[in-house]
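Structure below is protein.pdb: PDB, C-alpha atoms.
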ATOM      1  CA  GLU A1056       0.000   0.000   0.000
ATOM      2  CA  ARG A1057       2.982   2.301  -0.487
ATOM      3  CA  ASP A1058       3.334   4.869  -3.239
ATOM      4  CA  THR A1059       4.795   3.387  -6.424
ATOM      5  CA  PRO A1060       5.927   6.194  -8.735
ATOM      6  CA  ASN A1061       6.519   3.874 -11.729
ATOM      7  CA  ALA A1062       2.922   2.603 -11.631
ATOM      8  CA  ASN A1063       0.298   4.348 -13.656
ATOM      9  CA  PRO A1064      -2.374   5.386 -11.115
ATOM     10  CA  ASN A1065      -5.195   5.235 -13.663
ATOM     11  CA  PRO A1066      -5.394   1.519 -14.525
ATOM     12  CA  THR A1067      -5.290   0.202 -10.947
ATOM     13  CA  HIS A1068      -8.701  -1.309 -11.698
ATOM     14  CA  LYS A1069      -6.750  -3.840 -13.798
ATOM     15  CA  ASN A1070      -5.048  -5.207 -10.681
ATOM     16  CA  ILE A1071      -6.475  -8.494  -9.457
ATOM     17  CA  ASN A1072      -6.541  -9.732  -5.881
ATOM     18  CA  PHE A1073      -6.372 -13.537  -6.050
ATOM     19  CA  THR A1074      -6.694 -13.855  -2.279
ATOM     20  CA  VAL A1075     -10.293 -14.788  -1.616
ATOM     21  CA  SER A1076     -10.962 -13.715   1.938
ATOM     22  CA  ASN A1077     -13.342 -11.582   3.941
ATOM     23  CA  SER A1078     -10.488 -10.332   6.107
ATOM     24  CA  SER A1079      -7.587  -8.009   5.375
ATOM     25  CA  PRO A1080      -4.075  -9.376   4.754
ATOM     26  CA  GLN A1081      -3.019  -7.960   8.143
ATOM     27  CA  ASP A1082      -5.892  -9.784   9.884
ATOM     28  CA  ARG A1083      -5.038 -13.028   8.056
ATOM     29  CA  LEU A1084      -1.398 -12.664   9.068
ATOM     30  CA  GLU A1085      -2.308 -12.119  12.719
ATOM     31  CA  MET A1086      -4.718 -15.074  12.641
ATOM     32  CA  LEU A1087      -2.021 -17.397  11.242
ATOM     33  CA  LEU A1088       0.473 -16.245  13.845
ATOM     34  CA  GLU A1089      -1.910 -16.979  16.733
ATOM     35  CA  ASP A1090      -1.248 -20.721  16.625
ATOM     36  CA  THR A1091       2.367 -20.403  15.457
ATOM     37  CA  TYR A1092       5.447 -20.515  17.649
ATOM     38  CA  ALA A1093       7.716 -17.566  16.884
ATOM     39  CA  GLN A1094      10.910 -16.438  18.490
ATOM     40  CA  ALA A1095      11.463 -12.695  18.839
ATOM     41  CA  ASP A1096      13.658 -12.565  15.738
ATOM     42  CA  SER A1097      11.544 -14.893  13.552
ATOM     43  CA  VAL A1098      10.601 -13.822  10.046
ATOM     44  CA  ARG A1099       6.824 -13.471  10.159
ATOM     45  CA  CYS A1100       6.070 -12.775   6.515
ATOM     46  CA  VAL A1101       7.949 -13.063   3.220
ATOM     47  CA  GLU A1102       7.238 -11.086   0.068
ATOM     48  CA  TYR A1103       7.468 -12.827  -3.298
ATOM     49  CA  LEU A1104       7.706 -10.989  -6.599
ATOM     50  CA  LEU A1105       6.887 -13.380  -9.434
ATOM     51  CA  THR A1106       7.291 -12.111 -12.978
ATOM     52  CA  ALA A1107       8.418 -12.816 -16.522
ATOM     53  CA  SER A1108      10.390 -10.714 -18.969
ATOM     54  CA  PRO A1109       8.720  -7.676 -20.584
ATOM     55  CA  ASN A1110       9.303  -9.331 -23.966
ATOM     56  CA  TRP A1111       7.338 -12.417 -22.920
ATOM     57  CA  TRP A1112       4.401 -10.270 -21.737
ATOM     58  CA  GLU A1113       4.363  -8.349 -25.020
ATOM     59  CA  ASN A1114       4.156 -11.558 -27.064
ATOM     60  CA  ALA A1115       2.052 -13.806 -24.794
ATOM     61  CA  THR A1116      -1.549 -14.499 -25.730
ATOM     62  CA  PHE A1117      -4.333 -13.835 -23.246
ATOM     63  CA  GLU A1118      -4.546 -17.590 -22.557
ATOM     64  CA  GLU A1119      -0.793 -17.823 -21.940
ATOM     65  CA  GLN A1120      -0.979 -14.895 -19.525
ATOM     66  CA  LYS A1121      -3.847 -16.555 -17.645
ATOM     67  CA  GLN A1122      -1.843 -19.778 -17.499
ATOM     68  CA  TRP A1123       1.177 -17.888 -16.135
ATOM     69  CA  TYR A1124      -0.918 -16.497 -13.256
ATOM     70  CA  THR A1125      -2.405 -19.927 -12.570
ATOM     71  CA  SER A1126       0.954 -21.750 -12.730
ATOM     72  CA  SER A1127       2.672 -19.161 -10.546
ATOM     73  CA  LEU A1128      -0.029 -19.215  -7.876
ATOM     74  CA  ASN A1129      -0.248 -23.009  -7.891
ATOM     75  CA  TRP A1130       3.533 -23.223  -7.460
ATOM     76  CA  LEU A1131       3.458 -20.828  -4.503
ATOM     77  CA  LYS A1132       0.512 -22.588  -2.827
ATOM     78  CA  LYS A1133       2.128 -25.999  -3.275
ATOM     79  CA  ARG A1134       5.405 -24.680  -1.872
ATOM     80  CA  HIS A1135       3.980 -23.019   1.250
ATOM     81  CA  GLY A1136       0.405 -24.258   1.578
ATOM     82  CA  ALA A1137      -2.533 -22.181   0.332
ATOM     83  CA  GLU A1138      -3.506 -21.256   3.894
ATOM     84  CA  ASN A1139      -0.151 -19.483   4.380
ATOM     85  CA  VAL A1140      -0.588 -17.126   1.419
ATOM     86  CA  VAL A1141      -2.000 -13.975   3.023
ATOM     87  CA  LEU A1142      -2.024 -11.911  -0.180
ATOM     88  CA  ALA A1143      -1.615 -12.647  -3.884
ATOM     89  CA  MET A1144      -2.071  -9.567  -6.043
ATOM     90  CA  ALA A1145      -1.587  -9.261  -9.789
ATOM     91  CA  HIS A1146      -0.188  -5.831 -10.621
ATOM     92  CA  ARG A1147      -1.130  -4.891 -14.157
ATOM     93  CA  ASP A1148      -0.708  -1.134 -13.706
ATOM     94  CA  GLU A1149       3.022  -1.184 -14.456
ATOM     95  CA  VAL A1150       4.927  -1.807 -17.669
ATOM     96  CA  THR A1151       5.624  -5.445 -16.780
ATOM     97  CA  PRO A1152       2.757  -7.304 -15.080
ATOM     98  CA  HIS A1153       3.732  -9.318 -12.024
ATOM     99  CA  LEU A1154       2.446 -10.998  -8.891
ATOM    100  CA  THR A1155       3.199  -9.678  -5.444
ATOM    101  CA  CYS A1156       2.523 -12.282  -2.790
ATOM    102  CA  PHE A1157       2.925 -12.325   0.980
ATOM    103  CA  VAL A1158       3.490 -15.677   2.658
ATOM    104  CA  VAL A1159       3.846 -16.717   6.293
ATOM    105  CA  PRO A1160       6.839 -19.125   6.336
ATOM    106  CA  ARG A1161       5.283 -21.682   8.663
ATOM    107  CA  GLU A1162       5.885 -25.367   8.982
ATOM    108  CA  ARG A1163       3.740 -27.869  10.808
ATOM    109  CA  LYS A1164       5.431 -28.900  14.020
ATOM    110  CA  HIS A1165       5.577 -32.489  15.201
ATOM    111  CA  VAL A1166       4.729 -32.137  18.870
ATOM    112  CA  ASN A1167       5.091 -34.678  21.597
ATOM    113  CA  SER A1168       2.718 -32.972  24.014
ATOM    114  CA  LYS A1169       4.219 -34.681  27.081
ATOM    115  CA  LYS A1170       7.678 -33.267  26.400
ATOM    116  CA  ASP A1171       6.780 -30.007  24.677
ATOM    117  CA  LYS A1172       4.888 -27.584  26.891
ATOM    118  CA  ARG A1173       4.118 -25.208  24.030
ATOM    119  CA  SER A1174       0.688 -25.671  22.545
ATOM    120  CA  TYR A1175       1.620 -24.340  19.111
ATOM    121  CA  GLU A1176       0.916 -26.465  16.069
ATOM    122  CA  PHE A1177       3.257 -24.511  13.740
ATOM    123  CA  ASN A1178       6.716 -22.965  13.841
ATOM    124  CA  LEU A1179       7.926 -19.993  11.853
ATOM    125  CA  ASN A1180      10.867 -21.215   9.812
ATOM    126  CA  ALA A1181      11.971 -18.988   6.945
ATOM    127  CA  ARG A1182      15.333 -20.754   6.927
ATOM    128  CA  LYS A1183      13.600 -23.932   5.731
ATOM    129  CA  TRP A1184      12.761 -22.233   2.409
ATOM    130  CA  PHE A1185      15.359 -19.496   2.083
ATOM    131  CA  GLY A1186      18.312 -20.633   4.193
ATOM    132  CA  GLY A1187      21.258 -20.234   1.881
ATOM    133  CA  ARG A1188      22.312 -19.959  -1.716
ATOM    134  CA  LYS A1189      21.594 -23.622  -2.556
ATOM    135  CA  LEU A1190      17.982 -23.435  -1.329
ATOM    136  CA  MET A1191      17.423 -20.179  -3.205
ATOM    137  CA  GLU A1192      18.783 -21.717  -6.407
ATOM    138  CA  GLU A1193      16.572 -24.793  -5.941
ATOM    139  CA  MET A1194      13.559 -22.513  -5.430
ATOM    140  CA  GLN A1195      14.297 -20.668  -8.670
ATOM    141  CA  ASP A1196      14.715 -23.988 -10.511
ATOM    142  CA  SER A1197      11.416 -25.218  -9.097
ATOM    143  CA  TYR A1198       9.597 -22.044 -10.137
ATOM    144  CA  HIS A1199      11.102 -22.263 -13.598
ATOM    145  CA  ARG A1200       9.821 -25.832 -13.993
ATOM    146  CA  ALA A1201       6.329 -24.567 -13.146
ATOM    147  CA  VAL A1202       6.337 -21.881 -15.860
ATOM    148  CA  ALA A1203       8.691 -23.442 -18.451
ATOM    149  CA  PRO A1204       5.799 -24.930 -20.484
ATOM    150  CA  LEU A1205       4.910 -21.320 -21.376
ATOM    151  CA  GLY A1206       8.247 -20.900 -23.143
ATOM    152  CA  LEU A1207       9.916 -19.011 -20.323
ATOM    153  CA  GLU A1208      13.647 -19.414 -19.776
ATOM    154  CA  ARG A1209      15.229 -19.518 -16.348
ATOM    155  CA  GLY A1210      17.252 -16.512 -15.222
ATOM    156  CA  LYS A1211      21.014 -16.740 -15.211
ATOM    157  CA  LYS A1212      22.283 -19.161 -12.559
ATOM    158  CA  GLY A1213      24.853 -17.735 -10.193
ATOM    159  CA  SER A1214      24.130 -14.152 -11.196
ATOM    160  CA  LYS A1215      25.975 -11.584  -9.110
ATOM    161  CA  ALA A1216      23.151  -9.066  -9.541
ATOM    162  CA  ALA A1217      22.235  -7.444  -6.248
ATOM    163  CA  HIS A1218      18.814  -6.227  -5.214
ATOM    164  CA  GLN A1219      18.478  -2.504  -4.779
ATOM    165  CA  ARG A1220      15.713  -0.986  -2.691
ATOM    166  CA  VAL A1221      13.151   0.857  -4.833
ATOM    167  CA  GLN A1222      13.588   4.101  -2.900
ATOM    168  CA  LYS A1223      17.355   4.064  -3.497
ATOM    169  CA  TRP A1224      16.894   3.346  -7.200
ATOM    170  CA  TYR A1225      14.475   6.261  -7.624
ATOM    171  CA  ALA A1226      16.835   8.572  -5.731
ATOM    172  CA  THR A1227      19.722   7.577  -8.028
ATOM    173  CA  VAL A1228      17.643   7.974 -11.202
ATOM    174  CA  SER A1229      16.308  11.327 -10.051
ATOM    175  CA  LYS A1230      19.815  12.554  -9.251
ATOM    176  CA  GLU A1231      21.104  11.514 -12.692
ATOM    177  CA  PHE A1232      18.169  13.208 -14.473
ATOM    178  CA  ASP A1233      18.828  16.364 -12.474
ATOM    179  CA  LYS A1234      22.485  16.333 -13.548
ATOM    180  CA  MET A1235      21.708  15.706 -17.227
ATOM    181  CA  ASN A1236      18.616  17.754 -17.850
ATOM    182  CA  LYS A1237      18.034  19.964 -14.850
ATOM    183  CA  VAL A1238      14.608  18.269 -14.810
ATOM    184  CA  SER A1239      13.690  16.044 -11.892
ATOM    185  CA  TYR A1240      12.434  12.500 -12.330
ATOM    186  CA  ALA A1241       9.299  13.510 -10.447
ATOM    187  CA  ASP A1242       8.630  16.137 -13.135
ATOM    188  CA  LEU A1243       8.984  13.491 -15.846
ATOM    189  CA  LEU A1244       6.387  11.324 -14.110
ATOM    190  CA  LYS A1245       3.797  14.096 -14.555
ATOM    191  CA  PHE A1246       3.697  13.556 -18.338
TER     192      PHE A1246
END

Represent the structure from my file as structure tokens, please.
Amino acid sequence: ERDTPNANPNPTHKNINFTVSNSSPQDRLEMLLEDTYAQADSVRCVEYLLTASPNWWENATFEEQKQWYTSSLNWLKKRHGAENVVLAMAHRDEVTPHLTCFVVPRERKHVNSKKDKRSYEFNLNARKWFGGRKLMEEMQDSYHRAVAPLGLERGKKGSKAAHQRVQKWYATVSKEFDKMNKVSYADLLKF
């Protein structure tokens, strides 16, 4: 729900919320955490950004695009359990459509109630899914297998590309535009 300067504010009606629920994502998150054991430093929610190249979106048929959404969501639900997906939103108001999903990284706990005094049925365990380079690579391979029938190629393995926070990227772009044109990036967004 934060401001996204690169999104066109007019076609937000094209966005699709695939999360069928009468409660807000925050309420769903809190509900899931009620019966989940969490240490103070546990990761409570993970954001996924699922997408394909702009070129693929330009050339994909409507049916292929629908299949991409279906395959991506099915992969995520199979990976984490549908009940742990608190939000799955298709963003179609930007140049490249994508899914933004929020997942609670829970795992069912095997409890021996005589030994374990905690009454929680689940543990938070982000490390199970994201704990290290090998697991991250396996996750990307798994996702690729789910969408490969649509003609999508996997991203480069072992890429040294580093994520940059959106706010930092916009600040850098704005600064460069100011240097080159004496026109701010914010001014360009008004067109």

Between A:Arg1220, A:Arg1163, A:Lys1121, A:Lys1189, which residue has the minimum interatomic distance to Gly1136 in chain A, considering all atoms listed in the file?
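That would be A:Arg1163, the residue with the smallest distance to Gly1136 in chain A.
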
Calculated over all atoms listed in the file, which of the candidates A:Leu1179, A:Ala1115, A:Val1140, A:Val1158 has the smallest distance to Asp1090 in chain A?
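Smallest distance to Asp1090 in chain A is found for A:Leu1179.
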
Find, counting only C-alpha atoms, the residue in A:Arg1083, A:Lys1223, A:Arg1147, A:His1199 that gets nearest to Leu1131 in chain A.
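Comparing A:Arg1083, A:Lys1223, A:Arg1147, A:His1199 against Leu1131 in chain A, the winner is A:His1199.
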
Using only C-alpha atoms, can you list as an MDAnalysis selection string the residues within 12 Å of (14.2, -10.1, -23.3)?
chainID A and resid 1107:1114 1151 1207:1210

Proximity to Asp1196 in chain A - best of A:Glu1118, A:Ala1093, A:Trp1130, A:Pro1152, only C-alpha atoms
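Of the candidates, the smallest distance to Asp1196 in chain A is held by A:Trp1130.
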
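Going from CA of Gly1213 in chain A to CA of Leu1142 in chain A covers 29.3 Å.
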
Extract, using all atoms listed in the file, all DNA, RNA and protein residues at most 8 Å from Ser1126 in chain A, discarding same-chain residues fewer than 3 positions from it, and format them as a PyMOL selection string.
chain A and resi 1122-1123+1129-1130+1201-1202

Using the partial input, fill out range 1150-1161 of chain A with all heavy atoms; write the result as a PDB file, in the frame of the given file.
ATOM      1  N   VAL A1150       4.537  -1.369 -16.329  1.00  0.00           N
ATOM      2  CA  VAL A1150       4.927  -1.807 -17.669  1.00  0.00           C
ATOM      3  C   VAL A1150       4.958  -3.328 -17.766  1.00  0.00           C
ATOM      4  O   VAL A1150       4.455  -3.911 -18.715  1.00  0.00           O
ATOM      5  CB  VAL A1150       6.297  -1.210 -18.060  1.00  0.00           C
ATOM      6  CG1 VAL A1150       6.768  -1.760 -19.400  1.00  0.00           C
ATOM      7  CG2 VAL A1150       6.209   0.308 -18.124  1.00  0.00           C
ATOM      8  N   THR A1151       5.548  -3.988 -16.786  1.00  0.00           N
ATOM      9  CA  THR A1151       5.624  -5.445 -16.780  1.00  0.00           C
ATOM     10  C   THR A1151       4.699  -5.999 -15.702  1.00  0.00           C
ATOM     11  O   THR A1151       4.939  -5.786 -14.513  1.00  0.00           O
ATOM     12  CB  THR A1151       7.073  -5.910 -16.515  1.00  0.00           C
ATOM     13  OG1 THR A1151       7.940  -5.316 -17.479  1.00  0.00           O
ATOM     14  CG2 THR A1151       7.166  -7.423 -16.598  1.00  0.00           C
ATOM     15  N   PRO A1152       3.636  -6.695 -16.092  1.00  0.00           N
ATOM     16  CA  PRO A1152       2.757  -7.304 -15.080  1.00  0.00           C
ATOM     17  C   PRO A1152       3.535  -8.272 -14.196  1.00  0.00           C
ATOM     18  O   PRO A1152       4.531  -8.861 -14.628  1.00  0.00           O
ATOM     19  CB  PRO A1152       1.714  -8.045 -15.926  1.00  0.00           C
ATOM     20  CG  PRO A1152       1.723  -7.333 -17.237  1.00  0.00           C
ATOM     21  CD  PRO A1152       3.157  -6.931 -17.445  1.00  0.00           C
ATOM     22  N   HIS A1153       3.070  -8.418 -12.964  1.00  0.00           N
ATOM     23  CA  HIS A1153       3.732  -9.318 -12.024  1.00  0.00           C
ATOM     24  C   HIS A1153       2.786  -9.641 -10.881  1.00  0.00           C
ATOM     25  O   HIS A1153       1.746  -9.019 -10.728  1.00  0.00           O
ATOM     26  CB  HIS A1153       5.023  -8.696 -11.478  1.00  0.00           C
ATOM     27  CG  HIS A1153       4.811  -7.383 -10.793  1.00  0.00           C
ATOM     28  ND1 HIS A1153       4.769  -6.196 -11.480  1.00  0.00           N
ATOM     29  CD2 HIS A1153       4.606  -7.079  -9.494  1.00  0.00           C
ATOM     30  CE1 HIS A1153       4.570  -5.202 -10.627  1.00  0.00           C
ATOM     31  NE2 HIS A1153       4.455  -5.707  -9.404  1.00  0.00           N
ATOM     32  N   LEU A1154       3.171 -10.632 -10.106  1.00  0.00           N
ATOM     33  CA  LEU A1154       2.446 -10.998  -8.891  1.00  0.00           C
ATOM     34  C   LEU A1154       3.264 -10.584  -7.685  1.00  0.00           C
ATOM     35  O   LEU A1154       4.471 -10.849  -7.629  1.00  0.00           O
ATOM     36  CB  LEU A1154       2.239 -12.517  -8.821  1.00  0.00           C
ATOM     37  CG  LEU A1154       1.114 -13.110  -9.636  1.00  0.00           C
ATOM     38  CD1 LEU A1154       1.258 -14.623  -9.699  1.00  0.00           C
ATOM     39  CD2 LEU A1154      -0.221 -12.736  -9.034  1.00  0.00           C
ATOM     40  N   THR A1155       2.606  -9.945  -6.741  1.00  0.00           N
ATOM     41  CA  THR A1155       3.199  -9.678  -5.444  1.00  0.00           C
ATOM     42  C   THR A1155       2.436 -10.539  -4.456  1.00  0.00           C
ATOM     43  O   THR A1155       1.211 -10.465  -4.387  1.00  0.00           O
ATOM     44  CB  THR A1155       3.070  -8.194  -5.061  1.00  0.00           C
ATOM     45  OG1 THR A1155       3.751  -7.411  -6.041  1.00  0.00           O
ATOM     46  CG2 THR A1155       3.663  -7.926  -3.700  1.00  0.00           C
ATOM     47  N   CYS A1156       3.158 -11.353  -3.725  1.00  0.00           N
ATOM     48  CA  CYS A1156       2.523 -12.282  -2.790  1.00  0.00           C
ATOM     49  C   CYS A1156       3.203 -12.190  -1.434  1.00  0.00           C
ATOM     50  O   CYS A1156       4.420 -12.023  -1.352  1.00  0.00           O
ATOM     51  CB  CYS A1156       2.635 -13.717  -3.308  1.00  0.00           C
ATOM     52  SG  CYS A1156       1.983 -13.940  -4.973  1.00  0.00           S
ATOM     53  N   PHE A1157       2.399 -12.304  -0.379  1.00  0.00           N
ATOM     54  CA  PHE A1157       2.925 -12.325   0.980  1.00  0.00           C
ATOM     55  C   PHE A1157       2.585 -13.671   1.597  1.00  0.00           C
ATOM     56  O   PHE A1157       1.431 -14.100   1.564  1.00  0.00           O
ATOM     57  CB  PHE A1157       2.345 -11.177   1.807  1.00  0.00           C
ATOM     58  CG  PHE A1157       2.832  -9.836   1.350  1.00  0.00           C
ATOM     59  CD1 PHE A1157       2.121  -9.099   0.418  1.00  0.00           C
ATOM     60  CD2 PHE A1157       4.034  -9.334   1.827  1.00  0.00           C
ATOM     61  CE1 PHE A1157       2.576  -7.869  -0.022  1.00  0.00           C
ATOM     62  CE2 PHE A1157       4.500  -8.105   1.400  1.00  0.00           C
ATOM     63  CZ  PHE A1157       3.776  -7.366   0.469  1.00  0.00           C
ATOM     64  N   VAL A1158       3.614 -14.319   2.146  1.00  0.00           N
ATOM     65  CA  VAL A1158       3.490 -15.677   2.658  1.00  0.00           C
ATOM     66  C   VAL A1158       4.045 -15.735   4.077  1.00  0.00           C
ATOM     67  O   VAL A1158       5.104 -15.162   4.365  1.00  0.00           O
ATOM     68  CB  VAL A1158       4.283 -16.657   1.756  1.00  0.00           C
ATOM     69  CG1 VAL A1158       4.275 -18.057   2.323  1.00  0.00           C
ATOM     70  CG2 VAL A1158       3.737 -16.641   0.342  1.00  0.00           C
ATOM     71  N   VAL A1159       3.337 -16.448   4.948  1.00  0.00           N
ATOM     72  CA  VAL A1159       3.846 -16.717   6.293  1.00  0.00           C
ATOM     73  C   VAL A1159       4.665 -18.009   6.199  1.00  0.00           C
ATOM     74  O   VAL A1159       4.120 -19.049   5.828  1.00  0.00           O
ATOM     75  CB  VAL A1159       2.693 -16.862   7.312  1.00  0.00           C
ATOM     76  CG1 VAL A1159       3.243 -17.191   8.696  1.00  0.00           C
ATOM     77  CG2 VAL A1159       1.860 -15.586   7.353  1.00  0.00           C
ATOM     78  N   PRO A1160       5.969 -17.947   6.508  1.00  0.00           N
ATOM     79  CA  PRO A1160       6.839 -19.125   6.336  1.00  0.00           C
ATOM     80  C   PRO A1160       6.710 -20.108   7.497  1.00  0.00           C
ATOM     81  O   PRO A1160       7.628 -20.298   8.290  1.00  0.00           O
ATOM     82  CB  PRO A1160       8.240 -18.505   6.260  1.00  0.00           C
ATOM     83  CG  PRO A1160       8.137 -17.291   7.124  1.00  0.00           C
ATOM     84  CD  PRO A1160       6.730 -16.765   6.923  1.00  0.00           C
ATOM     85  N   ARG A1161       5.549 -20.742   7.568  1.00  0.00           N
ATOM     86  CA  ARG A1161       5.283 -21.682   8.663  1.00  0.00           C
ATOM     87  C   ARG A1161       5.555 -23.104   8.226  1.00  0.00           C
ATOM     88  O   ARG A1161       5.459 -23.438   7.054  1.00  0.00           O
ATOM     89  CB  ARG A1161       3.808 -21.618   9.079  1.00  0.00           C
ATOM     90  CG  ARG A1161       3.351 -20.301   9.544  1.00  0.00           C
ATOM     91  CD  ARG A1161       1.959 -20.299  10.126  1.00  0.00           C
ATOM     92  NE  ARG A1161       0.967 -21.088   9.408  1.00  0.00           N
ATOM     93  CZ  ARG A1161      -0.180 -21.475   9.937  1.00  0.00           C
ATOM     94  NH1 ARG A1161      -0.499 -21.141  11.161  1.00  0.00           N
ATOM     95  NH2 ARG A1161      -1.043 -22.180   9.246  1.00  0.00           N
TER      96      ARG A1161
END
